[in-house]
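Asks: What follows is a single structure, and I will ask about it in a moment.
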Amino acid sequence: MRKTVGAWLLAGWTACAVAAEKPNVVFILADDLGYTDVACYGSKFYETPHIDRLAAQGMRLLNHHHCQNCTPTRAALMSGQYGARTGVYTVGGTGRFDTSMRPLVPVENVTELPLDRATVAQQLKLAGYATGMFGKWHIGQKGDYRPGKRGFDEAIVTMGKHYDFVTEPRVSYPKGQYLADFLTDRAVDFIRRHKDGPFFLYLPHFGVHSPYDAKKEWVAKFKDKPAAGGHHDPVYAAMIASVDESVGRVMATLDELKLAERTVLIFASDNGGVGGYFREGIMKRSGDVTDNAPLRSGKGSLYEGGTRVPLIVRWPGVTAAGSSCGTPTIHVDLFPTLLELASAPRPPQALDGVSLVPLLRAADATLPREAIFQHFPGYLGAGENTWRTTPVSLIQAGDWKLMEFLEDGRLELYNLRDDIGETQNLATAQPQKASELKGRLDAWRLSVSAPLPARRQAGDQPPGTVKGGRRRQKAGGPGAAP
């Protein structure tokens with residue numbers, strides 16, 4: 001009996017020791033929140049006191065990139081792979097816009113994260129983490145594609161409305177409750193029930209995505225506030241305030257339960273803000289609910305306004321409070337970062353990113369890579385005969401960014417340190433740099449077997465979508481032979 005009790009005590013002590021060594025991880029993801037839509041990244045109109053406090057206690061990554069819209073970012077975050085490997089490039093069908101008059105046929109889009117890719121939740125679960133997800137999933141809504149089948153012990157999925165929303169599974173809530181508040185209630189409850197840890201909480205808000213709808217008391221707060229820097233909409237400001245309030249409630253819960261010191265708290269957005277289109281000449285001014293200035297364009301574009309997003313990480317005792325880092329980072333880096341934080345095993349698939357732990361320990365650390373990449377072999381419309389993007393690939397190496405537009409092979413080269421607004425195309429003035437980066441981009445596309453859109457032939461129809469798999473097109477030059 002004594003041996004049995006002793007073994008039980010040892011096992012219990014070991015479990016507690018493991019829990020103490022592994023930090024909890026909370027990842028809050030806003031939807032469509034632009035790079036400058038929070039005060040600590042430059043807004044003089046929107047008010048984000050809790051997010052600002054998080055930044056004051058942690059690190060702001062100033063050169064972090066996600067995809068141009070939500071589904072491919074979520075697939076990259078969960079799988080650790082670029083879209084060129086998963087086939088997830090956009091929302092719904094790549095051909096959902098009328099591209100019949102364009103010279104290329106878009107590559108078919110995968111709408112659900114392939115089941116042969118392990119998620120970061122599955123890997124953290126293997127490392128002993130309790131896992132919970134509450135909010136927008138958007139990489140598979142049915143069957144084995146749902147988050148409850150992809151490593152999350154608990155999952156409530158909902159999106160599409162900020163009031164009178166529907167959840168999966170069905171959960172009752174007070175009539176008139178705002179979605180951001182509902183999701184935060186679930187997140188706080190999850191933290192309380194798993195306070196002995198370790199736990200991984202993924203809180204992907206639907207805010208601040210359209211439809212633009214907010215709590216009346218928050219709208220009233222901003223109704224008469226003067227516009228600043230292209231930020232002007234009181235409803236949108238109120239939606240941001242609700243997301244900020246959610247961040248504050250999570251932080252307060254961690255403080256109350258004395259968990260803050262052993263919890264890594266991450267905040268980001270899934271893509272750029274809905275704005276910058278009027279300056280690009282592709283929409284009326286009314287199409288801009290916000291402004292990503294000084295960045296160019298917005299959601300749906302692979303210019304910086306569409307892909308550069310706020311990323312804040314608080315890791316008490318490790319990351320310097322109030323620090324910032326300008327090293328280029330990207331969505332696929334979060335997976336290996338969380339693996340290192342959790343001492344979790346690597347998944348069976350290749351991981352395209354690198355752990356950001358060195359940067360979190362020292363902002364001037366060097367990462368073991370030279371460039372980050374994006375690849376979008378389709379079209380995203382803006383208005384009548386206007387496009388937020390046409391097919392394009394890009395490489396960013398240090399301060400330099402090269403974009404290759406696949407319809408005609410046009411190159412655009414920018415030095416983002418000197419020209420963050422991408423106003424001066426240096427491809428002609430710096431042909432050697434353009435050629436060097438183009439060669440590296442070509443090599444990367446071949447290394448990941450990135451499919452390229454085909455040259456349109458008479459009678460070609462826009463493609464449909466592929467669920468959970470894809471038909472590859474051979475990688476090669478831009479859109480095949482001219």
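So you can find residues: chains in the structure tokens are A, B, ... in the order shown, residues in each start at 1, and ligands are numbered from 1 in order.
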Just the residues within 8 Å of segment 358-366 of chain A, please, counting only C-alpha atoms, with nothing from its chain fewer than 5 positions along; format it as a count of residues only.
Replies: 9
Asks: If we count only C-alpha atoms, what is near segment 259-275 of chain A at a cut-off of 7 Å, once residues fewer than 6 positions away on the same chain are taken out, given as a PyMOL selection string?
Replies: chain A and resi 23-35+66-70+73+287-292+297-299+305-316
Asks: Suppose we keep N, CA and C atoms; can you now write the selection as a short mmCIF file (atom, residue, chain, number, x, y, z; two decimals), in the first residue's frame?
Replies:
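As written to disk, result_39.cif reads:
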data_model
loop_
_atom_site.label_atom_id
_atom_site.label_comp_id
_atom_site.auth_asym_id
_atom_site.auth_seq_id
_atom_site.Cartn_x
_atom_site.Cartn_y
_atom_site.Cartn_z
N PRO A 23 4.59 26.77 -20.08
CA PRO A 23 3.72 27.94 -19.96
C PRO A 23 2.37 27.70 -20.60
N ASN A 24 1.33 28.29 -20.04
CA ASN A 24 0.05 28.34 -20.73
C ASN A 24 0.22 29.24 -21.96
N VAL A 25 -0.62 29.02 -22.96
CA VAL A 25 -0.58 29.84 -24.17
C VAL A 25 -1.99 30.32 -24.48
N VAL A 26 -2.16 31.62 -24.62
CA VAL A 26 -3.42 32.22 -25.04
C VAL A 26 -3.15 32.99 -26.32
N PHE A 27 -3.90 32.67 -27.37
CA PHE A 27 -3.73 33.32 -28.67
C PHE A 27 -5.06 33.96 -29.06
N ILE A 28 -5.11 35.28 -29.04
CA ILE A 28 -6.30 36.04 -29.41
C ILE A 28 -6.09 36.59 -30.81
N LEU A 29 -7.00 36.26 -31.72
CA LEU A 29 -6.88 36.67 -33.12
C LEU A 29 -8.09 37.52 -33.50
N ALA A 30 -7.84 38.78 -33.85
CA ALA A 30 -8.90 39.63 -34.36
C ALA A 30 -9.10 39.35 -35.85
N ASP A 31 -10.23 39.78 -36.40
CA ASP A 31 -10.58 39.52 -37.79
C ASP A 31 -10.67 40.86 -38.54
N ASP A 32 -9.84 41.04 -39.56
CA ASP A 32 -9.85 42.24 -40.40
C ASP A 32 -9.36 43.50 -39.67
N LEU A 33 -8.66 43.35 -38.58
CA LEU A 33 -8.12 44.50 -37.87
C LEU A 33 -6.84 44.96 -38.55
N GLY A 34 -6.81 46.21 -39.02
CA GLY A 34 -5.67 46.70 -39.76
C GLY A 34 -4.45 46.98 -38.90
N TYR A 35 -3.31 47.13 -39.56
CA TYR A 35 -2.03 47.33 -38.88
C TYR A 35 -2.07 48.55 -37.96
N HIS A 66 0.55 38.27 -42.43
CA HIS A 66 -0.38 37.16 -42.63
C HIS A 66 -0.82 37.18 -44.09
N CYS A 67 -1.77 36.35 -44.46
CA CYS A 67 -2.26 36.34 -45.84
C CYS A 67 -3.17 37.52 -46.09
N GLN A 68 -3.62 37.66 -47.33
CA GLN A 68 -4.43 38.81 -47.73
C GLN A 68 -5.88 38.69 -47.29
N ASN A 69 -6.34 37.51 -46.94
CA ASN A 69 -7.66 37.36 -46.31
C ASN A 69 -7.65 36.15 -45.38
N CYS A 70 -8.80 35.87 -44.77
CA CYS A 70 -8.78 35.12 -43.51
C CYS A 70 -8.50 33.62 -43.61
N THR A 73 -4.81 32.45 -43.92
CA THR A 73 -4.05 32.73 -42.70
C THR A 73 -4.33 31.68 -41.64
N GLY A 287 -15.99 52.62 -49.69
CA GLY A 287 -15.51 51.25 -49.51
C GLY A 287 -14.47 51.11 -48.42
N ASP A 288 -13.95 52.24 -47.94
CA ASP A 288 -12.93 52.23 -46.90
C ASP A 288 -13.56 52.44 -45.54
N VAL A 289 -13.68 51.36 -44.76
CA VAL A 289 -14.20 51.52 -43.40
C VAL A 289 -13.10 52.00 -42.48
N THR A 290 -11.83 51.75 -42.87
CA THR A 290 -10.68 52.22 -42.11
C THR A 290 -9.62 52.64 -43.11
N ASP A 291 -8.41 52.91 -42.61
CA ASP A 291 -7.29 53.28 -43.49
C ASP A 291 -6.03 52.66 -42.91
N ASN A 292 -5.27 51.99 -43.77
CA ASN A 292 -4.05 51.33 -43.32
C ASN A 292 -2.81 52.20 -43.48
N SER A 297 -2.82 50.05 -49.80
CA SER A 297 -3.97 49.18 -50.05
C SER A 297 -4.50 48.53 -48.77
N GLY A 298 -5.19 47.39 -48.89
CA GLY A 298 -5.83 46.79 -47.72
C GLY A 298 -6.16 45.33 -47.94
N LYS A 299 -7.06 44.82 -47.13
CA LYS A 299 -7.45 43.41 -47.19
C LYS A 299 -7.69 42.98 -48.63
N GLY A 305 -0.54 46.88 -46.86
CA GLY A 305 -1.82 47.13 -46.19
C GLY A 305 -2.71 45.92 -46.11
N GLY A 306 -2.47 44.94 -46.98
CA GLY A 306 -3.27 43.73 -46.97
C GLY A 306 -2.69 42.61 -46.13
N THR A 307 -1.37 42.65 -45.90
CA THR A 307 -0.72 41.51 -45.24
C THR A 307 -0.01 41.85 -43.93
N ARG A 308 0.42 43.11 -43.74
CA ARG A 308 1.14 43.44 -42.50
C ARG A 308 0.12 43.68 -41.39
N VAL A 309 0.30 43.00 -40.27
CA VAL A 309 -0.68 43.06 -39.18
C VAL A 309 0.03 43.26 -37.84
N PRO A 310 -0.70 43.78 -36.85
CA PRO A 310 -0.11 43.85 -35.52
C PRO A 310 0.09 42.45 -34.93
N LEU A 311 1.20 42.25 -34.25
CA LEU A 311 1.46 41.03 -33.50
C LEU A 311 2.14 41.44 -32.19
N ILE A 312 1.51 41.11 -31.08
CA ILE A 312 2.04 41.45 -29.76
C ILE A 312 2.19 40.16 -28.97
N VAL A 313 3.33 40.00 -28.31
CA VAL A 313 3.58 38.81 -27.49
C VAL A 313 4.05 39.25 -26.11
N ARG A 314 3.35 38.78 -25.08
CA ARG A 314 3.78 39.01 -23.70
C ARG A 314 4.22 37.67 -23.11
N TRP A 315 5.48 37.62 -22.72
CA TRP A 315 6.06 36.42 -22.10
C TRP A 315 6.82 36.89 -20.87
N PRO A 316 6.15 36.99 -19.74
CA PRO A 316 6.75 37.58 -18.54
C PRO A 316 8.05 36.88 -18.13
#
Asks: Mind checking DSSP for segment 138-170 of chain A and telling me the helix (DSSP H, G or I) residues as number ranges by chain?
Replies: A: 143-145, 147-149
Asks: Skip segment 229-237 of chain A itself and residues of its chain fewer than 4 positions away, then list as a PyMOL selection string all residues within 7 Å of it, counting only C-alpha atoms.
Replies: chain A and resi 45-46+212-214+219+222-223+241+289-291
Asks: Run DSSP on the backbone of this structure and report the residues of segment 188-350 of chain A it assigns to strand (DSSP E), as a PyMOL selection string.
Replies: chain A and resi 199-204+263-269+311-314+323-325+329-330
Asks: How many Å lie between atom CA of Ala371 of chain A and atom CA of Gln396 of chain A, rounded to one decimal?
Replies: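 One can read the atom CA of Ala371 of chain A to atom CA of Gln396 of chain A distance as 5.5 Å.
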